[in-house]
Structures are given as C-alpha cells and as structure tokens.
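Read the structure below first, then the notes.
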Amino acid sequence: MADNLRIIKEFILTPLSAIYGAVMYVRNKMFDLGILKSESFKIPVISIGNIAVGGTGKTPHTEYIISLLAKDYKIAMLSRGYKRKTSGFVMAFPNCSPQDIGDEAYQIYQKFGDRIRVAVCENRVKGINRILEIDPEINLIVLDDAFQHRYVKPKISIVLTEYGNPFYDDKLLPLGRLRESKHSIKERADIVIITKCPDDIKPVNFRIFKKHLCLYPYQNLYFSRYKYDSLCPVFPDASCYIPALSLFTQKDVILAITGIAHPIPLIKYLKRYEAVVKVMHFPDHHNFSRSDINDIYEVYNKLKGRYKIILTTEKDAVRIANNPYFPHSLKPHIFYQPINVEFISYNSQSFDDDIIGKIKEKS
C-alpha cells in the first residue's frame with residue numbers, strides 16, 4: 001500500500017517538479033545573463049542560506065558568525081522577518097516584539113542588543129540601503145536566508161545542509177524539499193556547511209559528503225554540530241530555580257513543546273537523560289493560539305511525575321514569552337534549551353580563519 005501511494009505521488013508530482021525546476025532555471029539564467037540585476041555593495045555582505053525548505057540551523061549559524069565578527073566590525077543583520085505582522089522595512093527597536101520583526105530576528109536582537117543592528121525587509125536591496133542611511137558606520141551586512149535572493153550579490157555565500165537530510169538526496173518542490181536545483185550550490189556557494197552532525201561522526205562520513213558534493217577547489221566544506229547549554233527560564237522574573245537535566249530521574253517528566261521544522265535532534269538530546277519525555281509538536285514558526293496554550297496547560301497538569309517541567313526551543317521561547325494567553329501558573333515551570341554551534345575539525349582548515357580571510361580578501 002505504501003509503495004503504491006509513493007508511486008502515485010511521484011506520478012502526480014514529478015511533472016510539477018519539472019515545471020518548477022524550469023521556472024527556477026530560467027530565473028537564475030536571467031540573473032546570470034544580467035537581464036535581472038544583482039546589486040553589489042561597497043561593504044562586505046555575507047549571505048547565509050540553504051536550498052531546502054525547512055530548518056537547517058540558519059539562526060544558530062548566523063549567531064555564530066555575528067559573535068565571531070562583532071569585535072572587528074559594526075554589523076547589521078537583515079532578514080525578511082518571516083511571519084511578522086508588519087510589512088516593508090522595520091529596524092528593531094526597544095520593546096519591539098516577534099510580531100514586529102519575526103521570531104528569528106527578534107531572537108538575534110534579544111541576544112546581541114545594541115552591539116549590532118537588526119532589521120527586516122522583503123526587498124533586501126532596499127533594506128541594505130535603508131540600514132546604511134540610518135547608520136553609515138555599518139561596515140558588514142549579514143543576510144539571513146538569502147541564497148535565493150539574487151538581487152543582492154554577496155561577497156560571501158554560505159549554504160547549509162543537514163547531516164540527516166542532505167540536499168543531494170532530495171528533489172525539487174513539490175516532489176521534494178528543494179527550492180532550486182542542487183547544481184546552484186556549485187555555481188554560487190563559497191562555503192558549504194553540513195549542520196547538526198552527530199557527536200560520533202566518523203572519518204568515512206566526511207569522505208562520503210565530500211564525494212557527493214564534489215565541490216570546486218575554491219569552495220570549502222565544513223561540518224558543525226549543536227552544543228547544548230544549561231536551561232534558561234522563559235520568564236526569568238517568575239523562576240527562582242534552573243533545573244539540571246543530569247539530575248532528572250525516571251520519575252521526572254519533561255513536556256517538550258516544539259514549533260520548529262526539525263525537532264528530532266533536540267528530542268534525541270533530551271532522551272539521553274533519564275526523565276520521561278512527552279512531546280507536543282507544532283508547525284515551524286507557529287504562533288501559539290489561546291487554544292494551543294490551553295492544550296499545553298491541560299497536558300502538563302495531567303502529567304504524573306515527582307518533578308515536571310515544560311521545555312521548549314529558544315526560537316519558540318521568544319513567541320511564548322510574548323504570548324498574552326500563557327498562564328501565570330506555568331511561568332515558573334517553563335524553560336528553553338539554548339544551543340551553540342561547534343565546528344568539527346576534520347582537516348587543517350578553520351572556518352573562523354576562512355571567513356575572516358575571505359572578508360578581508362574580497363573587501
């Protein structure tokens with residue numbers, strides 16, 4: 001039965017994928033031939049993106065790059081502000097919310113504060129120009145999720161792909177998850193990062209990815225993984241303690257609330273510990289409704305355990321913290337799991353040195 005459904009799906013969607021691929025091919029050719037214009041800027045622009053729909057870890061890698069470069073450059077981060085309630089250009093401001101600039105931009109703004117500028121705009125060319133008008137001292141732009149936004153020609157283009165879902169095993173929309181042909185990586189990427197690698201990755205895995213990608217000599221390949229920090233309260237004023245997962249036992253319960261594309265790495269991490277893990281998964285970038293919050297409240301109250309908490313992702317936490325329906329009684333018991341990016345050494349190349357060198361070279 002499953003095989004029959006797969007065959008029917010491929011029969012219906014393959015022609016649609018071919019049409020979609022043809023449209024993207026023509027669009028990219030129009031940029032290549034100069035019919036559609038890509039604008040360059042005098043200051044370095046770093047694009048961080050992917051070619052697949054869904055989370056590949058763009059936000060943690062964007063934060064890593066900002067942290068790496070913030071001491072030497074005055075940085076502005078620009079994204080389109082996915083699922084925000086506003087439109088056009090918006091610069092992050094004190095007391096703004098995810099509804100103003102989107103959850104990912106808001107998370108970065110909360111993390112870096114006035115050390116960088118954070119802005120959103122659907123039109124990236126207009127967005128960069130407005131940033132430079134507002135703050136002429138900006139000398140580095142980081143574009144989030146901009147590999148397909150070819151109206152800006154970046155100095156450095158970084159493309160991410162997941163270890164468990166590499167783009168070379170995928171197909172074009174709507175049959176697969178690819179937003180454009182996998183050949184675009186070789187044509188436009190400067191750096192490819194394999195994200196969310198397991199801790200026990202073997203040398204043979206490095207070789208397999210390198211063989212499948214078959215990058216040009218000037219394109220560098222890196223591997224990264226997540227490192228999980230101590231839990232943080234979603235509502236700091238309401239929490240008087242921070243639990244340690246290592247102290248949880250089989251009598252304790254974690255209710256994991258996720259609204260991200262791929263929550264499996266987080267769930268696998270939580271299941272390393274002894275606590276019982278109950279999962280409530282919502283769509284990516286989900287705005288929690290009153291009904292959703294009521295469901296969370298009911299599920300949490302029904303859980304039986306010596307000790308129980310609600311745990312969510314950093315991206316979901318910024319939406320929950322601004323949610324007017326979240327009950328006060330649950331605020332002391334909800335925490336988020338911070339993640340950091342760590343690059344895995346597999347040859348003599350250093351990602352930090354590479355990107356710093358590329359900026360200076362291309363400037």
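FYI, nothing fancy with the structure tokens labels: chains A, B, ... in order, residues from 1 per chain, ligands from 1 as they appear.
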Env of range 164-173 of chain A: 10 Å cut, atoms = only C-alpha atoms, seq-sep filter 6 positions within chain, self excluded. Answer as a PyMOL selection string. chain A and resi 13-14+16-21+50-53+56+179-183+185+194-198+209+212-213+265
Could you write out the selected residues, including N, CA and C atoms, as an mmCIF file, in the first residue's frame?
data_model
loop_
_atom_site.group_PDB
_atom_site.id
_atom_site.type_symbol
_atom_site.label_atom_id
_atom_site.label_comp_id
_atom_site.auth_asym_id
_atom_site.auth_seq_id
_atom_site.Cartn_x
_atom_site.Cartn_y
_atom_site.Cartn_z
ATOM 1 N N LEU A 13 3.431 14.354 -8.930
ATOM 2 C CA LEU A 13 4.261 15.500 -8.568
ATOM 3 C C LEU A 13 5.504 15.668 -9.441
ATOM 4 N N THR A 14 5.982 14.608 -10.085
ATOM 5 C CA THR A 14 7.192 14.731 -10.907
ATOM 6 C C THR A 14 7.041 15.770 -12.015
ATOM 7 N N LEU A 16 5.139 18.390 -12.009
ATOM 8 C CA LEU A 16 5.101 19.695 -11.349
ATOM 9 C C LEU A 16 6.501 20.125 -10.914
ATOM 10 N N SER A 17 7.294 19.159 -10.433
ATOM 11 C CA SER A 17 8.677 19.472 -10.070
ATOM 12 C C SER A 17 9.482 19.897 -11.294
ATOM 13 N N ALA A 18 9.221 19.246 -12.426
ATOM 14 C CA ALA A 18 9.921 19.614 -13.664
ATOM 15 C C ALA A 18 9.565 21.034 -14.094
ATOM 16 N N ILE A 19 8.299 21.397 -13.968
ATOM 17 C CA ILE A 19 7.872 22.760 -14.309
ATOM 18 C C ILE A 19 8.510 23.768 -13.363
ATOM 19 N N TYR A 20 8.474 23.452 -12.069
ATOM 20 C CA TYR A 20 9.083 24.343 -11.075
ATOM 21 C C TYR A 20 10.582 24.512 -11.344
ATOM 22 N N GLY A 21 11.263 23.394 -11.641
ATOM 23 C CA GLY A 21 12.686 23.446 -11.937
ATOM 24 C C GLY A 21 12.984 24.295 -13.160
ATOM 25 N N ASN A 50 20.076 28.280 2.423
ATOM 26 C CA ASN A 50 20.040 26.874 2.041
ATOM 27 C C ASN A 50 19.196 26.744 0.784
ATOM 28 N N ILE A 51 19.093 25.543 0.254
ATOM 29 C CA ILE A 51 18.231 25.357 -0.915
ATOM 30 C C ILE A 51 17.051 24.449 -0.597
ATOM 31 N N ALA A 52 16.923 24.052 0.664
ATOM 32 C CA ALA A 52 15.820 23.173 1.056
ATOM 33 C C ALA A 52 14.842 23.919 1.944
ATOM 34 N N VAL A 53 13.575 23.562 1.841
ATOM 35 C CA VAL A 53 12.564 24.092 2.741
ATOM 36 C C VAL A 53 12.756 23.457 4.114
ATOM 37 N N THR A 56 17.604 24.250 8.680
ATOM 38 C CA THR A 56 18.938 23.651 8.579
ATOM 39 C C THR A 56 19.875 24.230 9.638
ATOM 40 N N ARG A 179 14.299 24.136 -3.047
ATOM 41 C CA ARG A 179 13.764 25.377 -3.612
ATOM 42 C C ARG A 179 14.397 25.707 -4.961
ATOM 43 N N GLU A 180 15.527 25.112 -5.239
ATOM 44 C CA GLU A 180 16.163 25.252 -6.552
ATOM 45 C C GLU A 180 17.106 24.081 -6.751
ATOM 46 N N SER A 181 17.646 23.982 -7.957
ATOM 47 C CA SER A 181 18.477 22.840 -8.315
ATOM 48 C C SER A 181 19.715 22.751 -7.428
ATOM 49 N N LYS A 182 20.108 21.512 -7.138
ATOM 50 C CA LYS A 182 21.317 21.291 -6.342
ATOM 51 C C LYS A 182 22.573 21.785 -7.058
ATOM 52 N N HIS A 183 22.501 21.952 -8.395
ATOM 53 C CA HIS A 183 23.656 22.470 -9.135
ATOM 54 C C HIS A 183 23.954 23.928 -8.786
ATOM 55 N N ILE A 185 24.438 25.093 -5.969
ATOM 56 C CA ILE A 185 25.468 25.125 -4.933
ATOM 57 C C ILE A 185 26.841 25.322 -5.566
ATOM 58 N N ILE A 194 27.828 21.322 6.574
ATOM 59 C CA ILE A 194 26.961 20.198 6.933
ATOM 60 C C ILE A 194 26.606 20.381 8.401
ATOM 61 N N THR A 195 25.340 20.650 8.700
ATOM 62 C CA THR A 195 24.934 21.014 10.055
ATOM 63 C C THR A 195 24.327 19.824 10.803
ATOM 64 N N LYS A 196 24.216 20.011 12.116
ATOM 65 C CA LYS A 196 23.560 19.041 13.005
ATOM 66 C C LYS A 196 24.213 17.661 12.914
ATOM 67 N N CYS A 197 25.520 17.638 12.820
ATOM 68 C CA CYS A 197 26.237 16.359 12.758
ATOM 69 C C CYS A 197 26.184 15.659 14.121
ATOM 70 N N PRO A 198 26.199 14.333 14.126
ATOM 71 C CA PRO A 198 26.222 13.612 15.405
ATOM 72 C C PRO A 198 27.586 13.738 16.069
ATOM 73 N N PHE A 209 30.417 12.717 2.292
ATOM 74 C CA PHE A 209 29.857 14.027 1.957
ATOM 75 C C PHE A 209 30.722 14.743 0.925
ATOM 76 N N HIS A 212 30.028 13.196 -2.515
ATOM 77 C CA HIS A 212 28.715 13.522 -3.075
ATOM 78 C C HIS A 212 28.635 14.989 -3.497
ATOM 79 N N LEU A 213 29.244 15.874 -2.721
ATOM 80 C CA LEU A 213 29.154 17.298 -3.035
ATOM 81 C C LEU A 213 30.024 17.668 -4.227
ATOM 82 N N PRO A 265 16.612 16.399 16.560
ATOM 83 C CA PRO A 265 17.877 16.474 17.311
ATOM 84 C C PRO A 265 17.676 16.874 18.776
#
Polymer residues at most 10 Å from Ser224 in chain A, only C-alpha atoms, same-chain spacing of 3 or more positions, as a VMD selection string: chain A and resid 57 61 160 162 to 163 193 to 199 227 341 to 345 351
According to DSSP computed on the backbone, where in range 128-346 of chain A is there alpha helix (DSSP H)? Give the residues as a PyMOL selection string. chain A and resi 128-134+183-188+203-213+264-270+290-302+314-321
Test item, strand (DSSP E or B) assignment across range 234-349 of chain A, answer as number ranges by chain: A: 252-258, 276-281, 307-313, 334-337, 339-344
Per residue of range 156-251 of chain A within 12 Å of range 319-323 of chain A, what are the shortest atom pair and its distance in Å to one decimal, counting only C-alpha atoms, with rows by chain and residue number, as CSV?
residue,atom,partner,partner_atom,distance
A:Pro233,CA,A:Ala321,CA,9.9
A:Val234,CA,A:Ala321,CA,6.2
A:Phe235,CA,A:Ala321,CA,6.6
A:Pro236,CA,A:Ala321,CA,10.0
A:Asp237,CA,A:Ala321,CA,11.4
A:Ala238,CA,A:Ala321,CA,11.4
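Of the listed residues A:Tyr25, A:Phe248, A:Tyr222, A:Tyr273, the one whose atoms come nearest to Ile158 in chain A is A:Tyr222, with distances taken using only C-alpha atoms.
Using only C-alpha atoms, the shortest contact distance between Phe288 in chain A and any of A:Val118, A:Ile264, A:Ile257, A:Ile201 is found at A:Ile257.
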Need the shell around Leu36 in chain A: protein/DNA/RNA residues with any atom at most 10 Å away, counting only C-alpha atoms. Skip same-chain ones fewer than 5 positions apart. Format as a PyMOL selection string? chain A and resi 27-31+150-151
Could you save the residues just selected, with all heavy atoms, as a CSV table (one decimal), in the first residue's frame?
chain,number,residue,atom,x,y,z
A,27,ARG,N,14.8,31.7,-14.2
A,27,ARG,CA,15.1,32.9,-13.4
A,27,ARG,C,16.6,33.0,-13.1
A,27,ARG,O,17.1,34.1,-13.2
A,27,ARG,CB,14.3,32.6,-12.0
A,27,ARG,CG,14.6,33.7,-11.0
A,27,ARG,CD,13.8,33.4,-9.7
A,27,ARG,NE,13.9,34.5,-8.8
A,27,ARG,CZ,14.9,34.6,-7.8
A,27,ARG,NH1,15.8,33.6,-7.7
A,27,ARG,NH2,14.9,35.6,-7.0
A,28,ASN,N,17.3,31.9,-12.7
A,28,ASN,CA,18.7,32.0,-12.5
A,28,ASN,C,19.5,32.4,-13.7
A,28,ASN,O,20.5,33.2,-13.6
A,28,ASN,CB,19.2,30.7,-11.9
A,28,ASN,CG,18.9,30.5,-10.4
A,28,ASN,OD1,18.9,31.5,-9.7
A,28,ASN,ND2,18.6,29.3,-10.0
A,29,LYS,N,19.1,31.9,-14.9
A,29,LYS,CA,19.8,32.3,-16.1
A,29,LYS,C,19.6,33.8,-16.4
A,29,LYS,O,20.5,34.5,-16.9
A,29,LYS,CB,19.3,31.5,-17.3
A,29,LYS,CG,19.9,30.2,-17.4
A,29,LYS,CD,21.4,30.3,-17.7
A,29,LYS,CE,22.1,29.0,-17.7
A,29,LYS,NZ,23.6,29.2,-17.8
A,30,MET,N,18.4,34.4,-16.0
A,30,MET,CA,18.2,35.8,-16.2
A,30,MET,C,19.2,36.6,-15.4
A,30,MET,O,19.7,37.7,-15.8
A,30,MET,CB,16.8,36.1,-16.0
A,30,MET,CG,15.8,35.6,-17.0
A,30,MET,SD,14.1,35.9,-16.6
A,30,MET,CE,14.0,37.6,-17.0
A,31,PHE,N,19.4,36.1,-14.2
A,31,PHE,CA,20.4,36.8,-13.3
A,31,PHE,C,21.8,36.6,-13.9
A,31,PHE,O,22.6,37.5,-13.9
A,31,PHE,CB,20.4,36.3,-11.9
A,31,PHE,CG,19.3,36.9,-11.1
A,31,PHE,CD1,18.1,36.2,-10.8
A,31,PHE,CD2,19.4,38.2,-10.6
A,31,PHE,CE1,17.1,36.8,-10.0
A,31,PHE,CE2,18.4,38.8,-9.8
A,31,PHE,CZ,17.3,38.1,-9.5
A,150,ARG,N,18.6,36.8,-5.2
A,150,ARG,CA,19.7,37.1,-6.0
A,150,ARG,C,19.8,38.6,-6.5
A,150,ARG,O,20.7,38.9,-7.2
A,150,ARG,CB,19.7,36.2,-7.3
A,150,ARG,CG,19.9,34.7,-6.9
A,150,ARG,CD,20.3,33.9,-8.1
A,150,ARG,NE,21.6,34.4,-8.7
A,150,ARG,CZ,22.1,33.9,-9.8
A,150,ARG,NH1,21.5,33.0,-10.5
A,150,ARG,NH2,23.3,34.4,-10.3
A,151,TYR,N,18.9,39.4,-6.0
A,151,TYR,CA,19.0,40.8,-6.3
A,151,TYR,C,20.2,41.5,-5.5
A,151,TYR,O,20.6,42.6,-5.9
A,151,TYR,CB,17.7,41.5,-5.9
A,151,TYR,CG,16.6,41.1,-6.9
A,151,TYR,CD1,15.6,40.2,-6.5
A,151,TYR,CD2,16.5,41.7,-8.1
A,151,TYR,CE1,14.6,39.8,-7.4
A,151,TYR,CE2,15.4,41.4,-9.0
A,151,TYR,CZ,14.5,40.4,-8.6
A,151,TYR,OH,13.5,40.0,-9.5
Just how far from CA of Ile267 in chain A is CA of Val279 in chain A, in Å to one decimal? 8.1 Å
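Each of A:Gln337, A:Gln99, A:Ser246, A:Asn123 was compared to Leu78 in chain A using only C-alpha atoms, and A:Asn123 turns out to be the nearest.
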All residues 7 Å or closer to Lys251 in chain A, only C-alpha atoms, same chain fewer than 6 positions away omitted, as a PyMOL selection string: chain A and resi 275+305-306
